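Text of the file start_11.tsv, holding TSV, C-alpha atoms and all ligand atoms:
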```tsv
chain	number	residue	atom	x	y	z
A	1	MET	CA	37.55	-42.04	19.62
A	2	ASN	CA	40.91	-40.39	20.09
A	3	LYS	CA	41.34	-36.65	20.37
A	4	GLU	CA	42.55	-36.11	16.81
A	5	GLU	CA	39.58	-37.94	15.38
A	6	PHE	CA	37.13	-36.07	17.63
A	7	LEU	CA	38.58	-32.72	16.61
A	8	LYS	CA	38.58	-33.65	12.93
A	9	ARG	CA	34.96	-34.75	13.02
A	10	TYR	CA	33.38	-32.18	15.31
A	11	LEU	CA	35.44	-29.02	15.58
A	12	THR	CA	33.77	-26.21	13.69
A	13	ASP	CA	34.33	-22.52	13.03
A	14	ARG	CA	31.28	-20.67	14.31
A	15	HIS	CA	31.99	-17.21	12.92
A	16	ASN	CA	29.06	-15.75	10.97
A	17	SER	CA	26.68	-18.49	12.03
A	18	ARG	CA	24.24	-16.36	14.08
A	19	CYS	CA	26.34	-17.41	17.04
A	20	MET	CA	26.36	-15.28	20.16
A	21	LYS	CA	29.83	-16.35	21.26
A	22	TRP	CA	31.63	-15.12	18.12
A	23	ASP	CA	29.21	-12.88	16.28
A	24	SER	CA	28.48	-10.57	19.26
A	25	LEU	CA	32.10	-9.71	20.05
A	26	LYS	CA	31.92	-6.21	18.64
A	27	SER	CA	28.66	-5.31	20.33
A	28	LYS	CA	29.59	-6.90	23.64
A	29	TYR	CA	33.33	-6.20	23.94
A	30	GLY	CA	33.81	-3.34	21.49
A	31	ARG	CA	36.09	-5.16	19.09
A	32	LYS	CA	36.03	-8.20	16.85
A	33	ASP	CA	39.63	-9.38	17.00
A	34	LEU	CA	39.29	-11.33	20.23
A	35	VAL	CA	39.71	-14.98	21.14
A	36	SER	CA	36.22	-15.80	22.38
A	37	MET	CA	36.36	-17.68	25.67
A	38	TRP	CA	33.17	-16.39	27.31
A	39	ILE	CA	29.62	-17.91	27.40
A	40	ALA	CA	29.19	-21.64	28.06
A	41	ASP	CA	28.79	-23.33	24.74
A	42	MET	CA	31.26	-25.05	22.49
A	43	GLU	CA	33.03	-25.10	19.14
A	44	PHE	CA	31.93	-28.71	18.62
A	45	LYS	CA	29.13	-30.09	16.52
A	46	THR	CA	26.65	-32.27	18.33
A	47	PRO	CA	26.85	-36.06	17.62
A	48	GLU	CA	25.64	-37.23	14.19
A	49	PRO	CA	22.62	-39.19	15.54
A	50	VAL	CA	21.34	-35.96	17.08
A	51	ILE	CA	21.60	-34.12	13.78
A	52	GLU	CA	19.93	-37.06	12.03
A	53	ALA	CA	17.05	-37.15	14.51
A	54	ILE	CA	16.36	-33.43	14.05
A	55	THR	CA	16.69	-33.69	10.27
A	56	LYS	CA	14.32	-36.62	10.09
A	57	ARG	CA	11.69	-34.81	12.09
A	58	ALA	CA	12.20	-31.61	10.10
A	59	GLN	CA	11.80	-33.49	6.84
A	60	ALA	CA	8.39	-34.72	7.93
A	61	GLY	CA	7.52	-31.05	7.49
A	62	VAL	CA	4.89	-30.63	10.18
A	63	PHE	CA	5.50	-28.82	13.44
A	64	GLY	CA	2.08	-28.94	15.00
A	65	TYR	CA	1.32	-29.57	18.67
A	66	SER	CA	2.98	-32.77	19.77
A	67	ASN	CA	2.64	-35.55	22.31
A	68	ASP	CA	5.49	-36.95	24.31
A	69	TRP	CA	6.50	-40.59	23.82
A	70	PRO	CA	7.85	-43.37	26.05
A	71	GLU	CA	11.23	-43.76	24.36
A	72	TYR	CA	12.13	-40.20	25.33
A	73	TYR	CA	11.72	-40.98	29.01
A	74	ASP	CA	13.49	-44.33	28.62
A	75	ALA	CA	16.52	-42.58	27.13
A	76	LEU	CA	16.56	-39.92	29.87
A	77	SER	CA	16.07	-42.45	32.64
A	78	ASN	CA	18.69	-44.79	31.28
A	79	TRP	CA	21.28	-42.00	31.04
A	80	MET	CA	20.58	-40.85	34.58
A	81	GLU	CA	20.49	-44.37	36.02
A	82	THR	CA	23.63	-45.62	34.31
A	83	ARG	CA	25.69	-42.56	35.11
A	84	TYR	CA	24.23	-41.28	38.37
A	85	HIS	CA	22.06	-44.02	39.90
A	86	PHE	CA	19.02	-41.81	39.41
A	87	PRO	CA	16.41	-43.63	37.29
A	88	ILE	CA	13.70	-41.18	36.31
A	89	LYS	CA	9.97	-41.87	36.22
A	90	LYS	CA	7.95	-40.15	33.52
A	91	ASP	CA	5.56	-38.72	36.11
A	92	TRP	CA	8.36	-36.78	37.79
A	93	VAL	CA	9.37	-34.83	34.69
A	94	ARG	CA	8.15	-31.38	33.69
A	95	PHE	CA	9.58	-29.44	30.76
A	96	CYS	CA	10.87	-25.91	30.59
A	97	THR	CA	12.61	-23.66	28.10
A	98	GLY	CA	15.98	-23.73	29.86
A	99	CYS	CA	17.42	-24.15	33.33
A	100	VAL	CA	17.42	-20.45	34.17
A	101	THR	CA	13.77	-20.16	33.21
A	102	ALA	CA	13.18	-23.26	35.31
A	103	ILE	CA	14.76	-21.48	38.28
A	104	ALA	CA	12.41	-18.54	37.68
A	105	TRP	CA	9.41	-20.85	37.51
A	106	SER	CA	10.53	-22.65	40.67
A	107	ILE	CA	10.83	-19.30	42.44
A	108	TRP	CA	7.25	-18.54	41.44
A	109	ALA	CA	6.00	-21.99	42.34
A	110	PHE	CA	7.66	-22.30	45.74
A	111	THR	CA	7.97	-18.77	47.12
A	112	LYS	CA	6.02	-15.54	47.45
A	113	PRO	CA	7.15	-12.01	46.50
A	114	LYS	CA	9.79	-10.68	48.95
A	115	ASP	CA	10.65	-14.19	50.20
A	116	ALA	CA	14.36	-14.75	50.67
A	117	CYS	CA	16.30	-16.98	48.25
A	118	LEU	CA	19.86	-18.12	48.96
A	119	ILE	CA	22.75	-18.50	46.53
A	120	LEU	CA	26.38	-19.41	47.18
A	121	THR	CA	28.74	-16.97	45.49
A	122	PRO	CA	30.63	-16.78	43.23
A	123	VAL	CA	27.91	-18.27	41.06
A	124	TYR	CA	26.59	-18.02	37.50
A	125	TYR	CA	25.23	-14.47	37.26
A	126	PRO	CA	21.63	-15.27	36.24
A	127	PHE	CA	21.24	-16.88	39.68
A	128	HIS	CA	21.49	-13.37	41.12
A	129	ASN	CA	19.22	-11.70	38.58
A	130	VAL	CA	16.52	-14.32	38.51
A	131	VAL	CA	15.91	-13.71	42.20
A	132	THR	CA	15.94	-9.92	42.18
A	133	TYR	CA	14.07	-9.55	38.87
A	134	ASN	CA	11.30	-11.65	40.35
A	135	ASP	CA	10.94	-9.46	43.40
A	136	ARG	CA	12.47	-11.85	45.88
A	137	GLU	CA	15.14	-10.99	48.41
A	138	LEU	CA	18.60	-12.18	47.40
A	139	VAL	CA	20.70	-13.70	50.17
A	140	LYS	CA	24.32	-14.36	49.24
A	141	VAL	CA	26.79	-16.47	51.16
A	142	ASP	CA	30.35	-16.62	49.91
A	143	LEU	CA	32.05	-19.93	49.36
A	144	ASP	CA	35.38	-20.17	51.15
A	145	TYR	CA	38.23	-19.72	48.71
A	146	ASN	CA	41.76	-20.96	49.20
A	147	ASN	CA	43.82	-18.47	47.27
A	148	GLU	CA	46.76	-20.82	46.92
A	149	SER	CA	45.07	-23.98	45.73
A	150	GLY	CA	42.12	-22.29	44.00
A	151	HIS	CA	39.81	-24.70	45.85
A	152	PHE	CA	36.33	-23.63	46.98
A	153	THR	CA	34.36	-25.08	49.90
A	154	MET	CA	31.04	-24.38	51.59
A	155	ASN	CA	30.86	-22.52	54.87
A	156	TYR	CA	28.05	-24.41	56.62
A	157	GLU	CA	27.93	-22.15	59.62
A	158	ALA	CA	27.52	-19.05	57.47
A	159	ILE	CA	24.89	-20.84	55.37
A	160	GLU	CA	22.83	-21.83	58.40
A	161	LYS	CA	23.11	-18.38	59.93
A	162	ALA	CA	22.01	-16.72	56.69
A	163	ILE	CA	19.05	-19.09	56.41
A	164	VAL	CA	17.91	-18.40	59.96
A	165	ASP	CA	18.60	-14.64	59.95
A	166	ASN	CA	16.82	-14.05	56.64
A	167	LYS	CA	14.11	-16.72	56.92
A	168	VAL	CA	15.27	-18.20	53.63
A	169	LYS	CA	12.59	-20.17	51.76
A	170	LEU	CA	14.54	-21.41	48.74
A	171	PHE	CA	18.16	-22.38	48.16
A	172	ILE	CA	19.27	-22.24	44.53
A	173	GLN	CA	22.11	-24.71	44.40
A	174	CYS	CA	24.62	-25.04	41.57
A	175	SER	CA	25.93	-28.59	41.30
A	176	PRO	CA	28.50	-28.97	39.81
A	177	HIS	CA	29.25	-25.38	40.67
A	178	ASN	CA	29.86	-22.79	37.97
A	179	PRO	CA	32.33	-21.05	38.26
A	180	ALA	CA	33.84	-22.51	41.44
A	181	GLY	CA	34.48	-25.73	39.52
A	182	ARG	CA	33.42	-27.97	42.38
A	183	VAL	CA	31.78	-31.34	42.00
A	184	TRP	CA	30.28	-31.45	45.47
A	185	THR	CA	30.86	-34.70	47.32
A	186	GLU	CA	27.95	-36.64	48.77
A	187	ASP	CA	29.16	-35.66	52.21
A	188	GLU	CA	29.17	-31.96	51.38
A	189	LEU	CA	25.72	-32.20	49.83
A	190	ASP	CA	24.45	-34.14	52.82
A	191	LYS	CA	25.61	-31.37	55.13
A	192	VAL	CA	24.06	-28.48	53.21
A	193	LEU	CA	20.83	-30.36	52.46
A	194	SER	CA	20.42	-31.33	56.11
A	195	ILE	CA	20.66	-27.66	57.08
A	196	CYS	CA	17.99	-26.84	54.51
A	197	LYS	CA	15.76	-29.65	55.71
A	198	LYS	CA	16.13	-28.60	59.32
A	199	HIS	CA	14.90	-25.09	58.46
A	200	GLY	CA	12.20	-26.01	55.94
A	201	VAL	CA	14.11	-24.63	52.95
A	202	ILE	CA	13.28	-26.02	49.49
A	203	VAL	CA	16.32	-26.71	47.31
A	204	VAL	CA	16.33	-26.08	43.59
A	205	SER	CA	19.40	-27.91	42.38
A	206	ASP	CA	20.64	-26.73	38.99
A	207	GLU	CA	22.53	-29.75	37.67
A	208	ILE	CA	22.98	-28.64	34.07
A	209	HIS	CA	26.75	-29.34	34.33
A	210	GLN	CA	26.20	-32.89	35.64
A	211	ASP	CA	28.00	-34.55	32.74
A	212	PHE	CA	31.17	-32.47	33.00
A	213	VAL	CA	33.23	-34.20	35.63
A	214	ILE	CA	36.77	-33.26	34.70
A	215	ASP	CA	38.63	-34.63	37.72
A	216	LYS	CA	38.44	-38.39	37.36
A	217	ASP	CA	38.56	-38.85	41.13
A	218	ARG	CA	35.21	-37.12	41.52
A	219	HIS	CA	31.69	-38.43	40.96
A	220	PHE	CA	28.66	-36.31	40.36
A	221	VAL	CA	25.91	-37.05	42.90
A	222	PRO	CA	22.45	-35.62	42.14
A	223	ALA	CA	20.89	-33.93	45.17
A	224	ALA	CA	17.93	-36.30	44.85
A	225	VAL	CA	20.09	-39.39	45.41
A	226	VAL	CA	22.15	-38.10	48.34
A	227	LYS	CA	21.94	-40.62	51.21
A	228	ASN	CA	19.56	-42.82	49.24
A	229	GLY	CA	17.08	-40.06	48.53
A	230	LYS	CA	16.87	-38.75	52.09
A	231	TYR	CA	16.20	-35.20	50.85
A	232	ARG	CA	13.72	-35.88	48.08
A	233	ASP	CA	10.94	-34.10	49.92
A	234	ILE	CA	12.81	-30.79	49.63
A	235	VAL	CA	14.64	-31.20	46.30
A	236	VAL	CA	13.69	-30.00	42.84
A	237	THR	CA	16.22	-31.08	40.21
A	238	LEU	CA	16.90	-29.05	37.10
A	239	ASN	CA	18.90	-30.55	34.27
A	240	ALA	CA	19.15	-30.61	30.50
A	241	ALA	CA	21.10	-32.17	27.66
A	242	SER	CA	21.76	-28.69	26.30
A	243	LYS	CA	25.11	-27.96	27.95
A	244	THR	CA	26.41	-31.48	27.43
A	245	PHE	CA	25.58	-31.79	23.74
A	246	ASN	CA	25.77	-28.14	22.66
A	247	LEU	CA	22.01	-27.78	22.16
A	248	ALA	CA	21.38	-24.55	24.08
A	249	ALA	CA	19.46	-22.83	21.28
A	250	LEU	CA	16.85	-25.61	21.29
A	251	ILE	CA	15.77	-24.20	24.67
A	252	HIS	CA	14.59	-27.36	26.38
A	253	SER	CA	15.21	-28.53	29.94
A	254	HIS	CA	13.83	-30.78	32.67
A	255	ILE	CA	12.33	-30.03	36.04
A	256	ILE	CA	12.42	-33.32	37.91
A	257	ILE	CA	10.34	-33.52	41.08
A	258	THR	CA	10.19	-36.91	42.80
A	259	ASP	CA	8.08	-35.77	45.74
A	260	GLU	CA	4.33	-35.81	45.23
A	261	LYS	CA	3.59	-32.77	47.40
A	262	LEU	CA	6.24	-30.59	45.79
A	263	ARG	CA	5.04	-31.74	42.38
A	264	ALA	CA	1.48	-30.77	43.17
A	265	GLN	CA	2.65	-27.35	44.30
A	266	TYR	CA	4.64	-26.94	41.10
A	267	ASP	CA	1.75	-28.11	38.93
A	268	LEU	CA	-0.59	-25.62	40.52
A	269	PHE	CA	1.75	-22.86	39.44
A	270	ALA	CA	2.39	-24.40	35.98
A	271	ARG	CA	-1.34	-24.53	35.26
A	272	GLY	CA	-1.30	-20.76	35.29
A	273	MET	CA	1.51	-20.68	32.73
A	274	ASN	CA	-0.68	-22.51	30.20
A	275	ARG	CA	1.98	-23.23	27.59
A	276	THR	CA	4.02	-26.12	28.90
A	277	GLU	CA	3.81	-28.29	25.80
A	278	LEU	CA	6.70	-29.90	24.08
A	279	ASN	CA	9.44	-28.75	21.76
A	280	ILE	CA	9.43	-31.65	19.32
A	281	LEU	CA	12.81	-30.92	17.67
A	282	ALA	CA	14.52	-30.56	21.03
A	283	MET	CA	13.02	-33.80	22.27
A	284	GLU	CA	14.12	-35.73	19.20
A	285	ALA	CA	17.60	-34.30	19.74
A	286	VAL	CA	17.74	-35.12	23.44
A	287	GLN	CA	16.51	-38.67	22.97
A	288	ALA	CA	19.19	-39.30	20.35
A	289	ALA	CA	21.87	-37.65	22.48
A	290	TYR	CA	21.06	-39.76	25.53
A	291	THR	CA	20.83	-42.91	23.42
A	292	TYR	CA	23.92	-42.55	21.25
A	293	GLY	CA	26.02	-39.80	22.85
A	294	ASP	CA	28.30	-41.72	25.25
A	295	GLU	CA	31.37	-42.05	23.10
A	296	TRP	CA	31.11	-38.47	21.84
A	297	LEU	CA	30.87	-37.18	25.41
A	298	ASP	CA	33.79	-39.26	26.66
A	299	SER	CA	35.94	-37.93	23.82
A	300	LEU	CA	34.85	-34.37	24.51
A	301	LEU	CA	35.76	-34.72	28.19
A	302	ASN	CA	39.26	-35.78	27.21
A	303	VAL	CA	39.64	-32.70	25.00
A	304	ILE	CA	38.59	-30.49	27.94
A	305	ARG	CA	40.94	-32.32	30.32
A	306	ASP	CA	43.83	-31.85	27.90
A	307	ASN	CA	42.98	-28.17	27.45
A	308	LEU	CA	43.00	-27.72	31.22
A	309	ALA	CA	46.28	-29.60	31.64
A	310	TYR	CA	47.84	-27.48	28.90
A	311	LEU	CA	46.62	-24.23	30.44
A	312	LYS	CA	47.84	-25.18	33.90
A	313	ALA	CA	51.25	-26.35	32.74
A	314	ARG	CA	51.93	-23.21	30.74
A	315	LEU	CA	50.69	-20.82	33.39
A	316	GLN	CA	52.63	-22.57	36.09
A	317	LYS	CA	55.80	-22.09	34.05
A	318	GLU	CA	55.19	-18.71	32.48
A	319	ALA	CA	52.94	-16.87	34.93
A	320	PRO	CA	53.11	-18.85	38.17
A	321	GLU	CA	51.35	-16.21	40.25
A	322	ILE	CA	48.06	-16.85	38.44
A	323	VAL	CA	45.90	-19.11	40.58
A	324	VAL	CA	43.88	-21.56	38.47
A	325	THR	CA	40.64	-22.81	40.01
A	326	ASP	CA	40.75	-26.40	41.09
A	327	LEU	CA	38.48	-27.51	38.25
A	328	GLU	CA	36.75	-30.74	39.23
A	329	GLY	CA	33.71	-30.11	37.10
A	330	THR	CA	32.23	-27.91	34.36
A	331	TYR	CA	34.39	-26.64	31.51
A	332	LEU	CA	34.65	-23.11	32.89
A	333	VAL	CA	37.87	-22.30	34.66
A	334	MET	CA	38.48	-19.22	36.82
A	335	LEU	CA	41.86	-17.58	36.82
A	336	ASP	CA	42.81	-15.36	39.73
A	337	LEU	CA	44.97	-12.68	38.11
A	338	ARG	CA	45.13	-10.33	41.07
A	339	LYS	CA	48.81	-10.79	41.82
A	340	TYR	CA	49.65	-9.52	38.34
A	341	ILE	CA	46.96	-7.03	37.47
A	342	GLY	CA	45.19	-6.11	40.71
A	343	THR	CA	41.48	-5.44	40.56
A	344	GLU	CA	41.16	-2.21	38.57
A	345	ASN	CA	40.77	-1.76	34.79
A	346	VAL	CA	40.65	-5.52	34.32
A	347	SER	CA	38.38	-5.46	31.29
A	348	ASP	CA	40.58	-2.93	29.50
A	349	PHE	CA	43.61	-5.16	30.09
A	350	ILE	CA	41.83	-8.34	29.04
A	351	VAL	CA	40.18	-6.92	25.93
A	352	ASN	CA	42.73	-4.43	24.67
A	353	LYS	CA	45.98	-6.02	25.81
A	354	CYS	CA	45.16	-9.73	25.85
A	355	ARG	CA	42.60	-9.64	23.03
A	356	LEU	CA	40.37	-12.01	24.96
A	357	ALA	CA	36.60	-12.13	25.42
A	358	VAL	CA	35.90	-13.60	28.86
A	359	ASP	CA	33.46	-13.40	31.74
A	360	TYR	CA	34.68	-11.34	34.68
A	361	GLY	CA	34.82	-12.45	38.30
A	362	GLU	CA	32.63	-9.64	39.57
A	363	GLN	CA	29.76	-10.94	37.42
A	364	PHE	CA	29.71	-13.97	39.73
A	365	GLY	CA	30.38	-12.46	43.13
A	366	ASP	CA	31.33	-9.24	44.86
A	367	ASN	CA	34.81	-10.35	45.93
A	368	TYR	CA	35.96	-11.65	42.58
A	369	LYS	CA	37.29	-8.58	40.82
A	370	GLY	CA	40.59	-9.52	39.22
A	371	PHE	CA	39.34	-13.00	38.30
A	372	ILE	CA	38.34	-14.08	34.82
A	373	ARG	CA	36.43	-17.16	33.65
A	374	LEU	CA	37.57	-19.02	30.55
A	375	ASN	CA	35.65	-21.58	28.53
A	376	LEU	CA	37.77	-24.66	27.84
A	377	ALA	CA	35.29	-26.58	25.65
A	378	THR	CA	36.98	-25.32	22.57
A	379	ASP	CA	39.69	-25.78	19.98
A	380	PRO	CA	43.06	-26.51	21.67
A	381	ASN	CA	44.60	-23.97	19.27
A	382	LEU	CA	42.35	-21.28	20.74
A	383	VAL	CA	43.41	-22.23	24.25
A	384	LYS	CA	47.03	-21.92	23.11
A	385	GLN	CA	46.28	-18.54	21.55
A	386	ALA	CA	44.54	-17.37	24.71
A	387	VAL	CA	47.47	-18.41	26.90
A	388	ASP	CA	49.99	-16.83	24.50
A	389	ASN	CA	48.08	-13.55	24.61
A	390	LEU	CA	47.59	-13.56	28.36
A	391	VAL	CA	51.18	-14.40	29.21
A	392	ALA	CA	52.60	-11.87	26.74
A	393	ALA	CA	50.35	-9.10	28.09
A	394	ILE	CA	51.27	-9.90	31.68
A	395	HIS	CA	54.98	-9.80	30.89
A	396	ASN	CA	54.62	-6.55	28.93
A	397	LYS	CA	52.85	-5.00	31.86
A	398	ALA	CA	55.57	-5.94	34.33
A	401	LIG	C1	24.69	-23.30	36.20
A	401	LIG	C2	24.02	-22.93	34.92
A	401	LIG	N1	22.67	-22.96	34.84
A	401	LIG	C3	22.04	-22.64	33.70
A	401	LIG	C4	22.74	-22.27	32.58
A	401	LIG	C5	21.98	-21.86	31.36
A	401	LIG	O1	21.04	-22.79	31.08
A	401	LIG	P1	19.81	-22.47	30.13
A	401	LIG	O2	20.39	-21.97	28.86
A	401	LIG	O3	19.17	-23.82	30.01
A	401	LIG	O4	18.98	-21.47	30.83
A	401	LIG	C6	24.13	-22.23	32.61
A	401	LIG	C7	24.89	-21.81	31.42
A	401	LIG	O5	26.06	-21.60	31.45
A	401	LIG	C8	24.78	-22.56	33.80
A	401	LIG	O6	26.11	-22.53	33.90
```
Spell out the structure here as structure tokens.
Amino acid sequence: MNKEEFLKRYLTDRHNSRCMKWDSLKSKYGRKDLVSMWIADMEFKTPEPVIEAITKRAQAGVFGYSNDWPEYYDALSNWMETRYHFPIKKDWVRFCTGCVTAIAWSIWAFTKPKDACLILTPVYYPFHNVVTYNDRELVKVDLDYNNESGHFTMNYEAIEKAIVDNKVKLFIQCSPHNPAGRVWTEDELDKVLSICKKHGVIVVSDEIHQDFVIDKDRHFVPAAVVKNGKYRDIVVTLNAASKTFNLAALIHSHIIITDEKLRAQYDLFARGMNRTELNILAMEAVQAAYTYGDEWLDSLLNVIRDNLAYLKARLQKEAPEIVVTDLEGTYLVMLDLRKYIGTENVSDFIVNKCRLAVDYGEQFGDNYKGFIRLNLATDPNLVKQAVDNLVAAIHNKA
């Protein structure tokens, strides 16, 4: 499907639809007249077969306790095998009400209060909160940032030192990494996982952005398949169809544990949670998405790639001192605005001068004041509007 057709069929105006991204602008940013580029969901309707699957189930009219069914696992496994060489066995899969909740549950299952949990910053802000809110010690190691290329890399020495110094028990990995935009290579993953293995650290790998590989030279490698599964005894994989197919409000995600011992440890915890049954509407949706969603996803990726190319080309010409993250994966791009606006009063500038609703760098890491994160899974006209506003405000400021 070409871009025009995709936009015609799926682009939708979400104002006044009980939508957080647009309908919370006033309460969150203090004004309504903003281009909404924050939070990670999209202006696109999910594929028709997904809507049909939910509608069919809804029309049956009963929403009682449900069983799972083999075709669900077939669809999940097939998607993961075809795309990422990671066929999934039914026995490995546990359900949760979202990937962040799954991180919380993993923290409970695999650590004790006050245990140290490692994150690599800048990273999606709930990674910070989910550790501290659950009474664990948060250990942060900064990614290395090249402030000319916008490329992030891991600092293995600092990671190993932090693990040893703090007796880290759990590493919460983001892969692909939001908002650093990295699709970690197998080699990079091998290095960090081997450090974890050496020091007995369990790795919870949040792979919710797995399907958003923007740079065609990159390939997403699940932590569980690195070096033919060498690290399976320490890896817990979290993923979902929610980010990929715009299904976040169905609150449904997977915890995939291939290792029997880790699974037993998780199940012991989950027993105490009692309610781990299924969300039938979400499962109908996910099965349909993984069965029929390929073409839709490929078209979506091209829209995101074009939005990124447009943003980069215009900024390079009109505000060349903005550093754009080297976005290999996810649809969330960081802009380093420091050369134009410094690090103070950023939100006032962005909201009141640029009329943009964004996420701010300091939400993701201590050293990222003066950065903003923009969501590119949206209408190209909104990207144009956002760039127009940003460039005009920067030039007015000068
Ligand atoms: C890395 C990462 N994990 C988790 C989430 C949220 O997932 P959920 O809504 O399933 O908790 C996001 C949303 O942006 C994310 O970027």
Q. Taking into account all atoms listed in the file, which residue in the set A:Asn129, A:Ser36, A:Ser253, A:Asn375 is nearest to Cys354 in chain A?
A.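 Among the listed residues, the smallest separation from Cys354 in chain A belongs to A:Ser36.
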Q.
So that I can check the surroundings of range 239-247 of chain A, please list as a ChimeraX atom specification every protein, DNA and RNA residue that reaches within 7 Å of it, counting all atoms listed in the file and ignoring chain neighbours fewer than 6 positions away.
A. /A:41-42,46,99,206-209,211,253-255,286
Those same residues - C-alpha atoms - I'd like them written as a CSV table (one decimal), keeping the file's coordinate frame.
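What landed in result-v9.csv:
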```
chain,number,residue,atom,x,y,z
A,41,ASP,CA,28.8,-23.3,24.7
A,42,MET,CA,31.3,-25.0,22.5
A,46,THR,CA,26.6,-32.3,18.3
A,99,CYS,CA,17.4,-24.2,33.3
A,206,ASP,CA,20.6,-26.7,39.0
A,207,GLU,CA,22.5,-29.8,37.7
A,208,ILE,CA,23.0,-28.6,34.1
A,209,HIS,CA,26.8,-29.3,34.3
A,211,ASP,CA,28.0,-34.6,32.7
A,253,SER,CA,15.2,-28.5,29.9
A,254,HIS,CA,13.8,-30.8,32.7
A,255,ILE,CA,12.3,-30.0,36.0
A,286,VAL,CA,17.7,-35.1,23.4
```
Q: Name the closest residue to Glu81 in chain A among the candidates A:Leu250, A:Val221, A:Ile214, A:Val387; distances are taken between atoms, counting all atoms listed in the file.
A: A:Val221
Find the residues around Pro320 in chain A up to 12 Å (only C-alpha atoms counted), leave out those fewer than 4 positions away in its own chain, and share them as an mmCIF file with C-alpha atoms, in the coordinates of the input.
```cif
data_model
loop_
_atom_site.group_PDB
_atom_site.id
_atom_site.type_symbol
_atom_site.label_atom_id
_atom_site.label_comp_id
_atom_site.auth_asym_id
_atom_site.auth_seq_id
_atom_site.Cartn_x
_atom_site.Cartn_y
_atom_site.Cartn_z
ATOM 1 C CA GLU A 148 46.760 -20.820 46.920
ATOM 2 C CA LEU A 311 46.620 -24.230 30.440
ATOM 3 C CA LYS A 312 47.840 -25.180 33.900
ATOM 4 C CA ALA A 313 51.250 -26.350 32.740
ATOM 5 C CA ARG A 314 51.930 -23.210 30.740
ATOM 6 C CA LEU A 315 50.690 -20.820 33.390
ATOM 7 C CA GLN A 316 52.630 -22.570 36.090
ATOM 8 C CA VAL A 324 43.880 -21.560 38.470
ATOM 9 C CA LEU A 335 41.860 -17.580 36.820
ATOM 10 C CA ASP A 336 42.810 -15.360 39.730
ATOM 11 C CA LEU A 337 44.970 -12.680 38.110
ATOM 12 C CA LYS A 339 48.810 -10.790 41.820
ATOM 13 C CA TYR A 340 49.650 -9.520 38.340
ATOM 14 C CA VAL A 391 51.180 -14.400 29.210
ATOM 15 C CA ILE A 394 51.270 -9.900 31.680
ATOM 16 C CA HIS A 395 54.980 -9.800 30.890
#
```
Residues of chain A at most 6 Å from ligand LIG 401 (chain A): nearest atom pair and distance in Å, all atoms listed in the file, as a Markdown table:
```
| residue | atom | partner | partner_atom | distance |
| --- | --- | --- | --- | --- |
| A:Ala40 | CA | A:LIG401 | O5 | 4.6 |
| A:Gly98 | CA | A:LIG401 | O3 | 3.2 |
| A:Cys99 | CA | A:LIG401 | O3 | 3.8 |
| A:Val100 | CA | A:LIG401 | O4 | 3.8 |
| A:Thr101 | CA | A:LIG401 | O4 | 5.9 |
| A:Tyr124 | CA | A:LIG401 | C1 | 5.8 |
| A:Cys174 | CA | A:LIG401 | C1 | 5.6 |
| A:Asn178 | CA | A:LIG401 | C1 | 5.5 |
| A:Asp206 | CA | A:LIG401 | N1 | 6.0 |
| A:Ile208 | CA | A:LIG401 | N1 | 5.7 |
| A:Ala248 | CA | A:LIG401 | O2 | 5.5 |
```
Q | Gly293 in chain A environment, 10 Å, all atoms listed in the file, sequence neighbours closer than 4 positions dropped, as a list in words | A |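 Close residues of Gly293 in chain A: Thr46, Pro47, Glu48, Pro49, Val50, Trp79, Thr244, Phe245, Val286, Gln287, Ala288, Ala289, Leu297 and Asp298 of chain A.
Using only C-alpha atoms for every distance, the candidate list A:Ile322, A:Ile107, A:His128, A:Ser175 yields A:His128 as the residue closest to Gln363 in chain A.
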Q: Write out as a PyMOL selection string the residues lying within 7 Å of Asn389 in chain A, counting only C-alpha atoms and excluding same-chain residues fewer than 4 positions away.
A: chain A and resi 354-355+385+393
**Q.** Atomic separation - CA of Thr330 in chain A relative to CA of Asp13 in chain A, Å
**A.** 22.1 Å
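Taking CA of Lys227 in chain A and CA of Ala75 in chain A as the two end points, the separation is 24.8 Å.
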Q: Work out how far apart CA of Gly342 in chain A and CA of Lys369 in chain A are and give it in Å to one decimal.
A: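 Rounded to one decimal, the two atoms are 8.3 Å apart.
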Q. In terms of the shortest atom-to-atom distance over only C-alpha atoms, which of A:Trp38, A:Thr132, A:Glu328, A:Ala319 is closest to Ser24 in chain A?
A.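 Using only C-alpha atoms, the shortest distance to Ser24 in chain A belongs to A:Trp38.
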(Q) Using only C-alpha atoms for the distances, tell me which of A:Thr185, A:Ser299, A:Asn78, A:Asn367 is nearest to Lys8 in chain A. (A)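 That would be A:Ser299, the residue with the smallest distance to Lys8 in chain A.
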Q | Nearest residue to Val333 in chain A from the set A:Arg271, A:Arg182, A:Lys191, A:Lys26 (distances using all atoms listed in the file) | A | A:Arg182
